[in-house]
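File shown here: model-v4.cif, holding mmCIF, C-alpha atoms.
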data_coords
#
loop_
_atom_site.label_atom_id
_atom_site.label_comp_id
_atom_site.auth_asym_id
_atom_site.auth_seq_id
_atom_site.Cartn_x
_atom_site.Cartn_y
_atom_site.Cartn_z
CA MET A 1 -27.05 19.61 0.63
CA PHE A 2 -27.89 16.47 2.62
CA ILE A 3 -25.46 14.50 0.50
CA ALA A 4 -22.67 16.84 1.53
CA LEU A 5 -23.73 16.50 5.19
CA GLY A 6 -23.68 12.71 4.89
CA ALA A 7 -20.21 12.78 3.39
CA GLY A 8 -19.05 15.07 6.20
CA ILE A 9 -20.43 12.69 8.84
CA ALA A 10 -18.70 9.73 7.17
CA VAL A 11 -15.37 11.52 7.31
CA LEU A 12 -15.79 11.89 11.12
CA THR A 13 -14.21 8.40 11.33
CA GLY A 14 -10.95 10.33 11.03
CA LEU A 15 -11.41 11.36 14.68
CA GLY A 16 -10.81 7.86 15.96
CA ALA A 17 -7.80 7.29 13.72
CA GLY A 18 -6.28 10.61 14.77
CA ILE A 19 -6.67 9.87 18.47
CA GLY A 20 -5.37 6.32 18.03
CA ILE A 21 -2.29 7.29 16.05
CA GLY A 22 -1.63 10.17 18.45
CA ILE A 23 -1.64 7.88 21.47
CA ALA A 24 0.49 5.28 19.69
CA THR A 25 3.08 7.87 18.65
CA GLY A 26 3.18 9.37 22.12
CA LYS A 27 3.81 5.98 23.71
CA ALA A 28 6.43 5.14 21.09
CA THR A 29 8.29 8.37 21.82
CA ASP A 30 8.15 7.52 25.52
CA ALA A 31 9.51 4.06 24.86
CA ILE A 32 12.34 5.36 22.66
CA ALA A 33 13.26 7.93 25.31
CA ARG A 34 13.53 5.14 27.86
CA GLN A 35 15.29 2.63 25.66
CA PRO A 36 16.96 4.31 22.69
CA GLU A 37 18.65 1.06 21.64
CA ALA A 38 15.28 -0.59 20.92
CA GLU A 39 14.32 2.11 18.42
CA GLY A 40 14.20 -0.22 15.40
CA LYS A 41 11.72 -2.62 16.91
CA ILE A 42 9.60 0.17 18.41
CA SER A 43 9.28 2.08 15.17
CA LYS A 44 8.37 -1.11 13.32
CA ALA A 45 5.55 -1.79 15.77
CA LEU A 46 4.50 1.86 15.61
CA LEU A 47 4.31 1.76 11.83
CA LEU A 48 2.16 -1.36 11.91
CA GLY A 49 -0.17 0.09 14.54
CA ALA A 50 -0.47 3.37 12.70
CA ALA A 51 -1.25 1.57 9.44
CA LEU A 52 -3.99 -0.47 11.10
CA ALA A 53 -5.47 2.52 12.94
CA GLU A 54 -5.38 4.59 9.81
CA ALA A 55 -7.49 2.02 7.96
CA THR A 56 -10.68 3.19 9.72
CA ALA A 57 -10.11 6.74 8.52
CA ILE A 58 -9.53 5.44 5.01
CA TYR A 59 -12.78 3.47 5.09
CA GLY A 60 -14.62 6.61 6.16
CA PHE A 61 -13.03 8.52 3.32
CA VAL A 62 -13.92 5.88 0.75
CA ILE A 63 -17.54 5.82 1.99
CA ALA A 64 -17.72 9.62 1.84
CA LEU A 65 -16.39 9.55 -1.70
CA LEU A 66 -18.91 6.90 -2.71
CA ILE A 67 -21.73 8.99 -1.17
CA ILE A 68 -20.70 12.09 -3.10
CA LEU A 69 -20.04 10.37 -6.40
CA LEU A 70 -22.89 7.85 -6.48
CA LEU A 71 -25.74 9.87 -4.93
CA LYS A 72 -24.95 13.05 -6.78
CA MET B 73 -21.38 25.86 -6.44
CA CYS B 74 -19.60 26.03 -9.77
CA ILE B 75 -16.21 25.27 -8.18
CA THR B 76 -17.51 22.16 -6.45
CA ASP B 77 -19.15 20.98 -9.65
CA LYS B 78 -15.85 21.30 -11.44
CA LEU B 79 -14.07 19.43 -8.63
CA VAL B 80 -16.61 16.61 -8.63
CA SER B 81 -16.44 16.17 -12.40
CA ASN B 82 -12.66 16.22 -12.17
CA LEU B 83 -12.75 13.54 -9.45
CA ILE B 84 -15.10 11.32 -11.45
CA GLU B 85 -12.78 11.64 -14.42
CA GLU B 86 -9.84 10.58 -12.25
CA LEU B 87 -11.76 7.67 -10.72
CA ASN B 88 -12.78 6.24 -14.07
CA CYS B 89 -10.23 3.94 -15.60
CA ASP B 90 -10.40 5.03 -19.22
CA THR B 91 -9.82 2.59 -21.99
CA ILE B 92 -7.00 3.89 -24.13
CA PHE B 93 -7.13 1.46 -27.00
CA THR B 94 -8.59 -1.92 -27.78
CA ILE B 95 -6.81 -5.11 -28.75
CA PRO B 96 -9.19 -7.37 -30.69
CA LEU B 97 -8.62 -10.57 -28.69
CA PHE B 98 -8.02 -9.17 -25.21
CA GLY B 99 -10.55 -6.35 -25.04
CA GLY B 100 -9.95 -2.83 -23.75
CA ILE B 101 -6.59 -1.77 -22.32
CA ALA B 102 -6.90 0.65 -19.40
CA GLU B 103 -4.57 3.56 -18.76
CA SER B 104 -3.20 1.95 -15.60
CA VAL B 105 -2.09 -1.08 -17.62
CA VAL B 106 -0.17 1.13 -20.04
CA VAL B 107 1.52 2.99 -17.18
CA THR B 108 2.36 -0.39 -15.62
CA TRP B 109 4.01 -1.41 -18.90
CA ILE B 110 6.08 1.76 -18.78
CA ILE B 111 7.12 1.00 -15.19
CA MET B 112 7.98 -2.57 -16.19
CA ALA B 113 10.15 -1.34 -19.07
CA VAL B 114 11.96 1.23 -16.92
CA MET B 115 12.60 -1.28 -14.13
CA ALA B 116 13.74 -4.01 -16.51
CA ILE B 117 16.24 -1.64 -18.13
CA ALA B 118 17.41 -0.46 -14.71
CA ALA B 119 17.86 -4.06 -13.58
CA ILE B 120 19.85 -4.98 -16.69
CA CYS B 121 22.06 -1.90 -16.32
CA LEU B 122 22.66 -2.53 -12.62
CA VAL B 123 23.55 -6.23 -12.75
CA ARG B 124 25.90 -6.03 -15.74
CA ASN B 125 29.59 -6.74 -15.10
CA LEU B 126 29.15 -8.05 -11.57
CA LYS B 127 32.36 -9.73 -10.37
CA VAL B 128 33.26 -11.93 -7.43
CA GLU B 129 36.71 -10.40 -7.09
CA ASN B 130 37.38 -6.69 -6.58
CA PRO B 131 33.79 -5.47 -7.09
CA GLY B 132 33.08 -1.94 -8.26
CA LYS B 133 31.32 0.85 -6.37
CA LYS B 134 28.01 0.09 -8.05
CA GLN B 135 28.14 -3.55 -7.01
CA LEU B 136 29.05 -2.70 -3.40
CA LEU B 137 26.13 -0.29 -3.18
CA LEU B 138 23.78 -2.88 -4.67
CA GLU B 139 24.97 -5.61 -2.30
CA THR B 140 24.59 -3.35 0.75
CA ALA B 141 21.05 -2.39 -0.24
CA ILE B 142 19.93 -5.93 -1.02
CA SER B 143 21.43 -7.49 2.10
CA GLY B 144 19.94 -4.66 4.21
CA ILE B 145 16.47 -5.34 2.87
CA TYR B 146 16.97 -9.11 3.29
CA LYS B 147 17.99 -8.62 6.91
CA PHE B 148 14.99 -6.42 7.60
CA PHE B 149 12.53 -8.86 6.07
CA GLU B 150 14.11 -11.88 7.74
CA GLU B 151 13.25 -10.41 11.11
CA THR B 152 9.67 -9.73 10.06
CA ILE B 153 8.82 -12.80 8.03
CA GLY B 154 10.44 -15.44 10.22
CA GLU B 155 12.52 -18.50 9.45
CA HIS B 156 10.05 -20.31 7.16
CA GLY B 157 9.13 -17.34 5.01
CA LYS B 158 12.58 -16.59 3.59
CA ARG B 159 11.72 -17.99 0.17
CA TYR B 160 9.08 -15.27 -0.34
CA ILE B 161 11.42 -12.31 0.20
CA PRO B 162 12.21 -11.77 -3.54
CA TYR B 163 8.50 -11.53 -4.31
CA LEU B 164 8.01 -8.99 -1.54
CA MET B 165 10.95 -6.93 -2.79
CA THR B 166 9.50 -6.92 -6.31
CA ILE B 167 6.13 -5.74 -5.03
CA MET B 168 7.79 -3.03 -2.94
CA LEU B 169 9.79 -1.72 -5.90
CA TYR B 170 6.76 -1.74 -8.17
CA LEU B 171 4.48 0.01 -5.66
CA GLY B 172 7.14 2.57 -4.79
CA VAL B 173 7.68 3.49 -8.43
CA ALA B 174 3.94 3.38 -9.12
CA ASN B 175 3.17 5.79 -6.28
CA LEU B 176 5.92 8.19 -7.32
CA ILE B 177 5.24 8.17 -11.04
CA GLY B 178 2.55 10.83 -10.57
CA LEU B 179 5.39 13.30 -10.06
CA ILE B 180 6.42 13.13 -13.71
CA GLY B 181 2.93 13.50 -15.09
CA PHE B 182 1.63 9.94 -15.44
CA LYS B 183 -1.51 8.81 -13.69
CA PRO B 184 -0.40 6.52 -10.82
CA PRO B 185 -1.69 2.96 -11.44
CA THR B 186 -2.41 2.61 -7.73
CA LYS B 187 -5.17 5.20 -8.07
CA ASP B 188 -7.07 2.54 -10.03
CA LEU B 189 -9.02 0.27 -7.69
CA ASN B 190 -8.53 -2.69 -10.06
CA VAL B 191 -4.74 -2.54 -9.68
CA THR B 192 -4.77 -2.48 -5.88
CA ALA B 193 -7.39 -5.24 -5.84
CA ALA B 194 -5.17 -7.39 -8.04
CA MET B 195 -2.16 -6.79 -5.78
CA ALA B 196 -4.23 -7.65 -2.69
CA ILE B 197 -5.58 -10.86 -4.25
CA MET B 198 -2.04 -11.91 -5.21
CA SER B 199 -1.00 -11.28 -1.62
CA ILE B 200 -3.76 -13.39 -0.08
CA ILE B 201 -3.07 -16.23 -2.54
CA LEU B 202 0.60 -16.13 -1.55
CA ILE B 203 -0.28 -16.05 2.16
CA GLU B 204 -2.57 -19.08 1.94
CA TYR B 205 -0.10 -20.90 -0.34
CA ALA B 206 2.65 -20.29 2.21
CA GLY B 207 0.41 -21.74 4.91
CA ILE B 208 -0.41 -24.85 2.84
CA TYR B 209 3.23 -25.34 1.79
CA GLN B 210 4.46 -25.10 5.36
CA LYS B 211 1.83 -27.14 7.15
CA GLY B 212 0.27 -29.44 4.57
CA VAL B 213 -3.40 -29.31 3.59
CA LYS B 214 -4.67 -31.14 6.67
CA ASN B 215 -2.92 -28.98 9.22
CA TRP B 216 -3.75 -25.86 7.21
CA LEU B 217 -7.45 -26.71 7.46
CA LYS B 218 -7.01 -27.43 11.15
CA SER B 219 -5.36 -24.06 11.70
CA PHE B 220 -8.70 -22.37 11.03
CA ALA B 221 -10.04 -23.81 14.27
CA GLN B 222 -7.23 -22.45 16.41
CA PRO B 223 -6.93 -21.43 19.21
CA VAL B 224 -10.57 -22.50 19.81
CA ALA B 225 -12.98 -24.08 17.36
CA ILE B 226 -15.66 -21.46 17.96
CA ILE B 227 -13.75 -18.67 16.21
CA ALA B 228 -13.41 -20.64 12.96
CA PRO B 229 -15.95 -18.41 11.13
CA ILE B 230 -13.89 -15.35 12.01
CA ASN B 231 -10.74 -17.01 10.70
CA VAL B 232 -12.52 -17.87 7.45
CA LEU B 233 -13.82 -14.29 7.17
CA GLU B 234 -10.26 -13.07 7.51
CA ILE B 235 -9.43 -14.54 4.08
CA VAL B 236 -11.82 -11.95 2.63
CA ILE B 237 -11.17 -9.09 5.05
CA ARG B 238 -7.39 -9.08 4.73
CA PRO B 239 -7.15 -8.45 0.99
CA LEU B 240 -10.09 -6.03 1.18
CA SER B 241 -8.34 -3.97 3.81
CA LEU B 242 -4.97 -4.12 1.99
CA CYS B 243 -6.61 -3.04 -1.25
CA MET B 244 -8.70 -0.24 0.28
CA ARG B 245 -5.77 1.07 2.34
CA LEU B 246 -3.52 1.53 -0.68
CA PHE B 247 -6.26 2.88 -2.93
CA GLY B 248 -7.75 5.19 -0.29
CA ASN B 249 -4.40 6.65 0.69
CA VAL B 250 -3.31 7.43 -2.85
CA LEU B 251 -6.70 8.79 -3.84
CA GLY B 252 -7.08 10.70 -0.56
CA GLY B 253 -3.73 12.37 -1.06
CA PHE B 254 -4.79 13.24 -4.59
CA VAL B 255 -8.11 14.78 -3.48
CA VAL B 256 -6.46 16.86 -0.77
CA MET B 257 -3.88 18.06 -3.30
CA GLU B 258 -6.66 19.07 -5.72
CA LEU B 259 -8.42 21.02 -2.95
CA ILE B 260 -5.20 22.81 -2.01
CA LYS B 261 -4.53 23.64 -5.66
CA LEU B 262 -8.03 25.08 -5.87
CA LEU B 263 -7.49 27.33 -2.83
CA VAL B 264 -3.86 28.43 -3.22
CA PRO B 265 -2.45 27.68 -6.66
CA VAL B 266 0.99 29.16 -5.96
CA PHE B 267 3.89 27.62 -3.99
CA VAL B 268 1.84 26.00 -1.17
CA PRO B 269 1.03 22.86 -3.22
CA VAL B 270 4.77 22.19 -3.58
CA VAL B 271 5.21 21.82 0.17
CA PHE B 272 2.21 19.55 0.56
CA SER B 273 3.16 17.56 -2.52
CA CYS B 274 6.37 16.52 -0.76
CA TYR B 275 4.27 14.90 1.95
CA PHE B 276 1.32 13.52 0.02
CA ASP B 277 3.10 12.38 -3.14
CA ILE B 278 6.56 11.34 -1.99
CA PHE B 279 6.43 10.44 1.71
CA ASP B 280 2.94 8.97 1.76
CA GLY B 281 3.49 6.99 -1.43
CA LEU B 282 6.67 5.36 -0.15
CA ILE B 283 5.18 4.67 3.29
CA GLN B 284 2.14 3.00 1.74
CA ALA B 285 4.30 0.82 -0.52
CA PHE B 286 6.26 -0.21 2.57
CA VAL B 287 3.16 -0.82 4.71
CA PHE B 288 1.59 -3.04 2.03
CA VAL B 289 4.67 -5.25 1.86
CA PHE B 290 5.18 -5.19 5.61
CA LEU B 291 1.62 -6.36 6.30
CA THR B 292 1.92 -9.11 3.67
CA ALA B 293 5.16 -10.28 5.32
CA LEU B 294 3.49 -10.26 8.73
CA PHE B 295 0.53 -12.30 7.47
CA ILE B 296 2.90 -14.80 5.85
CA LYS B 297 4.73 -15.17 9.14
CA GLU B 298 1.44 -15.78 10.91
CA ALA B 299 0.41 -18.35 8.29
CA THR B 300 3.68 -20.29 8.42
CA GLU B 301 4.05 -20.43 12.18
#

What does this structure look like when you write it as structure tokens?
Amino acid sequence: MFIALGAGIAVLTGLGAGIGIGIATGKATDAIARQPEAEGKISKALLLGAALAEATAIYGFVIALLIILLLK
Amino acid sequence: MCITDKLVSNLIEELNCDTIFTIPLFGGIAESVVVTWIIMAVMAIAAICLVRNLKVENPGKKQLLLETAISGIYKFFEETIGEHGKRYIPYLMTIMLYLGVANLIGLIGFKPPTKDLNVTAAMAIMSIILIEYAGIYQKGVKNWLKSFAQPVAIIAPINVLEIVIRPLSLCMRLFGNVLGGFVVMELIKLLVPVFVPVVFSCYFDIFDGLIQAFVFVFLTALFIKEATE
């Protein structure tokens, strides 16, 4: 029971990643709308930012998995 | 409760890297190694088939396609990796091909090697060795050591920590994404076994796998650029 709760709390890190990637994508869409010719560079930067922001969510997921599998 | 028990035991089974058979001198051979051998064989055969009969004059359709693809990838990486990193592009392309195939091979029933933490850790360690080697090659040992104390000497510990953090984050990102996609797919299969998994499989297996292969190589290229500047 408490193990499941702990895993759930660990996965809350996804919140931050979701907000971060959402903001980044929104700004990238803005930038492409303003300057369509710079799309290549913008999407490259967006991909990098999204990959870095996503890492926190992945860490949360790995921790949650470790909690479930090791404390079972 | 019985469903979750089944799921957990299934997950543990997937997380374990089973030993398939044992070679007397080398010890146990894990499943991911065998799948990697299969990928190596397929890619070697593909490479031999694709580069046969290449001509300088009046090239065939196959050769034109190949040249367009290769020069496109070269152009893309040249922008990312900078002037000094050009010599590492073939390595990056190899890693990208391997990771792309490895992430997609789950579609035809093999266990993706990237779901094994040992494989992603090995890839990440190779990356960090290449990054530091590129730095040493470009700057010389003395300047490479000095570069840890830039821009100010006080952040040197953080720069040293980065040698550990970078591969750790590369390794965990690849492993976590592939495994996370797998877990979500298992949960969906448990809830709705018909049709719905197909739609999600397109995202989690195909799109996510290719994106992660690309991100791994892209980040390595970026770090190499930073190291050689």

For CA of Ala57 (chain A) and CA of Ile180 (chain B), quote the distance in Å rounded to one decimal.
28.4 Å

Could you list, as JSON, numbers by chain, every residue of chain A that has an atom within 9 Å of an atom of chain B, counting all atoms listed in the file?
{"A": [47, 48, 51, 54, 55, 58, 59, 61, 62, 68, 69]}

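Here the question is which of A:Ala10, A:Ala50, A:Lys44, A:Glu37 gets nearest to Thr25 (chain A) using all atoms listed in the file, and that residue is A:Ala50.
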
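Across the model, the gap from CA of Thr300 (chain B) to CA of Gly212 (chain B) is 10.5 Å.
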
Could you tell me how far CA of Asp188 (chain B) lies from CA of Arg238 (chain B), in Å and to one decimal?
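Straight-line distance from CA of Asp188 (chain B) to CA of Arg238 (chain B) works out to 18.8 Å.
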
In terms of the shortest atom-to-atom distance over all atoms listed in the file, which of A:Ala31, A:Leu5, A:Ala45, A:Leu52 is closest to Ala17 (chain A)?
A:Leu52

So what does the PyMOL selection byres ((chain A and resi 24) around 10) actually pick up in this one, as a VMD selection string?
chain A and resid 18 to 23 25 to 30 45 to 47 49 to 50 53

Expected file contents, prior selection, C-alpha atoms, as an mmCIF file, keeping the file's coordinate frame:
data_model
loop_
_atom_site.group_PDB
_atom_site.id
_atom_site.type_symbol
_atom_site.label_atom_id
_atom_site.label_comp_id
_atom_site.auth_asym_id
_atom_site.auth_seq_id
_atom_site.Cartn_x
_atom_site.Cartn_y
_atom_site.Cartn_z
ATOM 1 C CA GLY A 18 -6.280 10.610 14.770
ATOM 2 C CA ILE A 19 -6.670 9.870 18.470
ATOM 3 C CA GLY A 20 -5.370 6.320 18.030
ATOM 4 C CA ILE A 21 -2.290 7.290 16.050
ATOM 5 C CA GLY A 22 -1.630 10.170 18.450
ATOM 6 C CA ILE A 23 -1.640 7.880 21.470
ATOM 7 C CA THR A 25 3.080 7.870 18.650
ATOM 8 C CA GLY A 26 3.180 9.370 22.120
ATOM 9 C CA LYS A 27 3.810 5.980 23.710
ATOM 10 C CA ALA A 28 6.430 5.140 21.090
ATOM 11 C CA THR A 29 8.290 8.370 21.820
ATOM 12 C CA ASP A 30 8.150 7.520 25.520
ATOM 13 C CA ALA A 45 5.550 -1.790 15.770
ATOM 14 C CA LEU A 46 4.500 1.860 15.610
ATOM 15 C CA LEU A 47 4.310 1.760 11.830
ATOM 16 C CA GLY A 49 -0.170 0.090 14.540
ATOM 17 C CA ALA A 50 -0.470 3.370 12.700
ATOM 18 C CA ALA A 53 -5.470 2.520 12.940
#

Can you pull out the residues contacting Gly60 (chain A)? Cut-off 10 Å, using all atoms listed in the file, and skip same-chain residues under 4 positions away; I want them as a VMD selection string.
(chain A and resid 7 to 14 55 to 56 64 to 66) or (chain B and resid 248)

Please expand the PyMOL selection byres ((chain B and resi 155) around 12) into the concrete residues it hits in this file, giving the result as a list of chain:residue names.
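Applying the PyMOL selection byres ((chain B and resi 155) around 12) to the structure shown produces B:Lys147, B:Phe149, B:Glu150, B:Glu151, B:Thr152, B:Ile153, B:Gly154, B:His156, B:Gly157, B:Lys158, B:Arg159, B:Tyr160, B:Ile161, B:Gln210, B:Ala293, B:Ile296, B:Lys297, B:Glu298, B:Thr300, B:Glu301.
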
Once the PyMOL selection byres ((chain B and resi 229-234) around 12) has been applied to the shown file, what residues remain in the selection, as a list in words?
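Selected by the PyMOL selection byres ((chain B and resi 229-234) around 12) here: Ile200, Ile203, Glu204, Trp216, Leu217, Lys218, Ser219, Phe220, Ala221, Gln222, Pro223, Val224, Ala225, Ile226, Ile227, Ala228, Ile235, Val236, Ile237, Arg238, Pro239, Leu240, Ser241, Leu242, Phe295 and Ala299 of chain B.
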
Output of the above residues as a PDB file, in the frame of the given file, restricted to C-alpha atoms:
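Listing of part24.pdb after writing:
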ATOM      1  CA  ILE B 200      -3.760 -13.390  -0.080  1.00  0.00           C
ATOM      2  CA  ILE B 203      -0.280 -16.050   2.160  1.00  0.00           C
ATOM      3  CA  GLU B 204      -2.570 -19.080   1.940  1.00  0.00           C
ATOM      4  CA  TRP B 216      -3.750 -25.860   7.210  1.00  0.00           C
ATOM      5  CA  LEU B 217      -7.450 -26.710   7.460  1.00  0.00           C
ATOM      6  CA  LYS B 218      -7.010 -27.430  11.150  1.00  0.00           C
ATOM      7  CA  SER B 219      -5.360 -24.060  11.700  1.00  0.00           C
ATOM      8  CA  PHE B 220      -8.700 -22.370  11.030  1.00  0.00           C
ATOM      9  CA  ALA B 221     -10.040 -23.810  14.270  1.00  0.00           C
ATOM     10  CA  GLN B 222      -7.230 -22.450  16.410  1.00  0.00           C
ATOM     11  CA  PRO B 223      -6.930 -21.430  19.210  1.00  0.00           C
ATOM     12  CA  VAL B 224     -10.570 -22.500  19.810  1.00  0.00           C
ATOM     13  CA  ALA B 225     -12.980 -24.080  17.360  1.00  0.00           C
ATOM     14  CA  ILE B 226     -15.660 -21.460  17.960  1.00  0.00           C
ATOM     15  CA  ILE B 227     -13.750 -18.670  16.210  1.00  0.00           C
ATOM     16  CA  ALA B 228     -13.410 -20.640  12.960  1.00  0.00           C
ATOM     17  CA  ILE B 235      -9.430 -14.540   4.080  1.00  0.00           C
ATOM     18  CA  VAL B 236     -11.820 -11.950   2.630  1.00  0.00           C
ATOM     19  CA  ILE B 237     -11.170  -9.090   5.050  1.00  0.00           C
ATOM     20  CA  ARG B 238      -7.390  -9.080   4.730  1.00  0.00           C
ATOM     21  CA  PRO B 239      -7.150  -8.450   0.990  1.00  0.00           C
ATOM     22  CA  LEU B 240     -10.090  -6.030   1.180  1.00  0.00           C
ATOM     23  CA  SER B 241      -8.340  -3.970   3.810  1.00  0.00           C
ATOM     24  CA  LEU B 242      -4.970  -4.120   1.990  1.00  0.00           C
ATOM     25  CA  PHE B 295       0.530 -12.300   7.470  1.00  0.00           C
ATOM     26  CA  ALA B 299       0.410 -18.350   8.290  1.00  0.00           C
TER      27      ALA B 299
END

Output requested as a PDB file, in the coordinates of the input - region 134-153 of chain B, filled out with N, CA and C atoms.
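Contents of out19.pdb, freshly written:
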ATOM      1  N   LYS B 134      29.411   0.376  -7.770  1.00  0.00           N
ATOM      2  CA  LYS B 134      28.010   0.090  -8.050  1.00  0.00           C
ATOM      3  C   LYS B 134      27.591  -1.216  -7.397  1.00  0.00           C
ATOM      4  N   GLN B 135      28.463  -2.225  -7.542  1.00  0.00           N
ATOM      5  CA  GLN B 135      28.140  -3.550  -7.010  1.00  0.00           C
ATOM      6  C   GLN B 135      28.085  -3.523  -5.482  1.00  0.00           C
ATOM      7  N   LEU B 136      29.037  -2.782  -4.871  1.00  0.00           N
ATOM      8  CA  LEU B 136      29.050  -2.700  -3.400  1.00  0.00           C
ATOM      9  C   LEU B 136      27.763  -2.070  -2.896  1.00  0.00           C
ATOM     10  N   LEU B 137      27.357  -0.990  -3.563  1.00  0.00           N
ATOM     11  CA  LEU B 137      26.130  -0.290  -3.180  1.00  0.00           C
ATOM     12  C   LEU B 137      24.932  -1.230  -3.281  1.00  0.00           C
ATOM     13  N   LEU B 138      24.885  -1.953  -4.410  1.00  0.00           N
ATOM     14  CA  LEU B 138      23.780  -2.880  -4.670  1.00  0.00           C
ATOM     15  C   LEU B 138      23.738  -3.960  -3.592  1.00  0.00           C
ATOM     16  N   GLU B 139      24.927  -4.520  -3.283  1.00  0.00           N
ATOM     17  CA  GLU B 139      24.970  -5.610  -2.300  1.00  0.00           C
ATOM     18  C   GLU B 139      24.550  -5.117  -0.930  1.00  0.00           C
ATOM     19  N   THR B 140      24.987  -3.899  -0.553  1.00  0.00           N
ATOM     20  CA  THR B 140      24.590  -3.350   0.750  1.00  0.00           C
ATOM     21  C   THR B 140      23.082  -3.193   0.821  1.00  0.00           C
ATOM     22  N   ALA B 141      22.496  -2.631  -0.245  1.00  0.00           N
ATOM     23  CA  ALA B 141      21.050  -2.390  -0.240  1.00  0.00           C
ATOM     24  C   ALA B 141      20.299  -3.709  -0.150  1.00  0.00           C
ATOM     25  N   ILE B 142      20.668  -4.670  -0.991  1.00  0.00           N
ATOM     26  CA  ILE B 142      19.930  -5.930  -1.020  1.00  0.00           C
ATOM     27  C   ILE B 142      20.051  -6.665   0.304  1.00  0.00           C
ATOM     28  N   SER B 143      21.293  -6.726   0.856  1.00  0.00           N
ATOM     29  CA  SER B 143      21.430  -7.490   2.100  1.00  0.00           C
ATOM     30  C   SER B 143      20.736  -6.758   3.248  1.00  0.00           C
ATOM     31  N   GLY B 144      20.678  -5.399   3.177  1.00  0.00           N
ATOM     32  CA  GLY B 144      19.940  -4.660   4.210  1.00  0.00           C
ATOM     33  C   GLY B 144      18.473  -5.009   4.191  1.00  0.00           C
ATOM     34  N   ILE B 145      17.896  -5.024   2.971  1.00  0.00           N
ATOM     35  CA  ILE B 145      16.470  -5.340   2.870  1.00  0.00           C
ATOM     36  C   ILE B 145      16.214  -6.780   3.303  1.00  0.00           C
ATOM     37  N   TYR B 146      17.112  -7.703   2.891  1.00  0.00           N
ATOM     38  CA  TYR B 146      16.970  -9.110   3.290  1.00  0.00           C
ATOM     39  C   TYR B 146      16.937  -9.236   4.810  1.00  0.00           C
ATOM     40  N   LYS B 147      17.880  -8.526   5.460  1.00  0.00           N
ATOM     41  CA  LYS B 147      17.990  -8.620   6.910  1.00  0.00           C
ATOM     42  C   LYS B 147      16.714  -8.119   7.575  1.00  0.00           C
ATOM     43  N   PHE B 148      16.209  -6.991   7.028  1.00  0.00           N
ATOM     44  CA  PHE B 148      14.990  -6.420   7.600  1.00  0.00           C
ATOM     45  C   PHE B 148      13.823  -7.387   7.485  1.00  0.00           C
ATOM     46  N   PHE B 149      13.681  -7.978   6.281  1.00  0.00           N
ATOM     47  CA  PHE B 149      12.530  -8.860   6.070  1.00  0.00           C
ATOM     48  C   PHE B 149      12.671 -10.154   6.854  1.00  0.00           C
ATOM     49  N   GLU B 150      13.927 -10.632   7.017  1.00  0.00           N
ATOM     50  CA  GLU B 150      14.110 -11.880   7.740  1.00  0.00           C
ATOM     51  C   GLU B 150      13.582 -11.777   9.161  1.00  0.00           C
ATOM     52  N   GLU B 151      13.773 -10.593   9.763  1.00  0.00           N
ATOM     53  CA  GLU B 151      13.250 -10.410  11.110  1.00  0.00           C
ATOM     54  C   GLU B 151      11.727 -10.435  11.122  1.00  0.00           C
ATOM     55  N   THR B 152      11.126  -9.848  10.072  1.00  0.00           N
ATOM     56  CA  THR B 152       9.670  -9.730  10.060  1.00  0.00           C
ATOM     57  C   THR B 152       9.004 -11.038   9.672  1.00  0.00           C
ATOM     58  N   ILE B 153       9.572 -11.711   8.652  1.00  0.00           N
ATOM     59  CA  ILE B 153       8.820 -12.800   8.030  1.00  0.00           C
ATOM     60  C   ILE B 153       9.120 -14.147   8.685  1.00  0.00           C
TER      61      ILE B 153
END
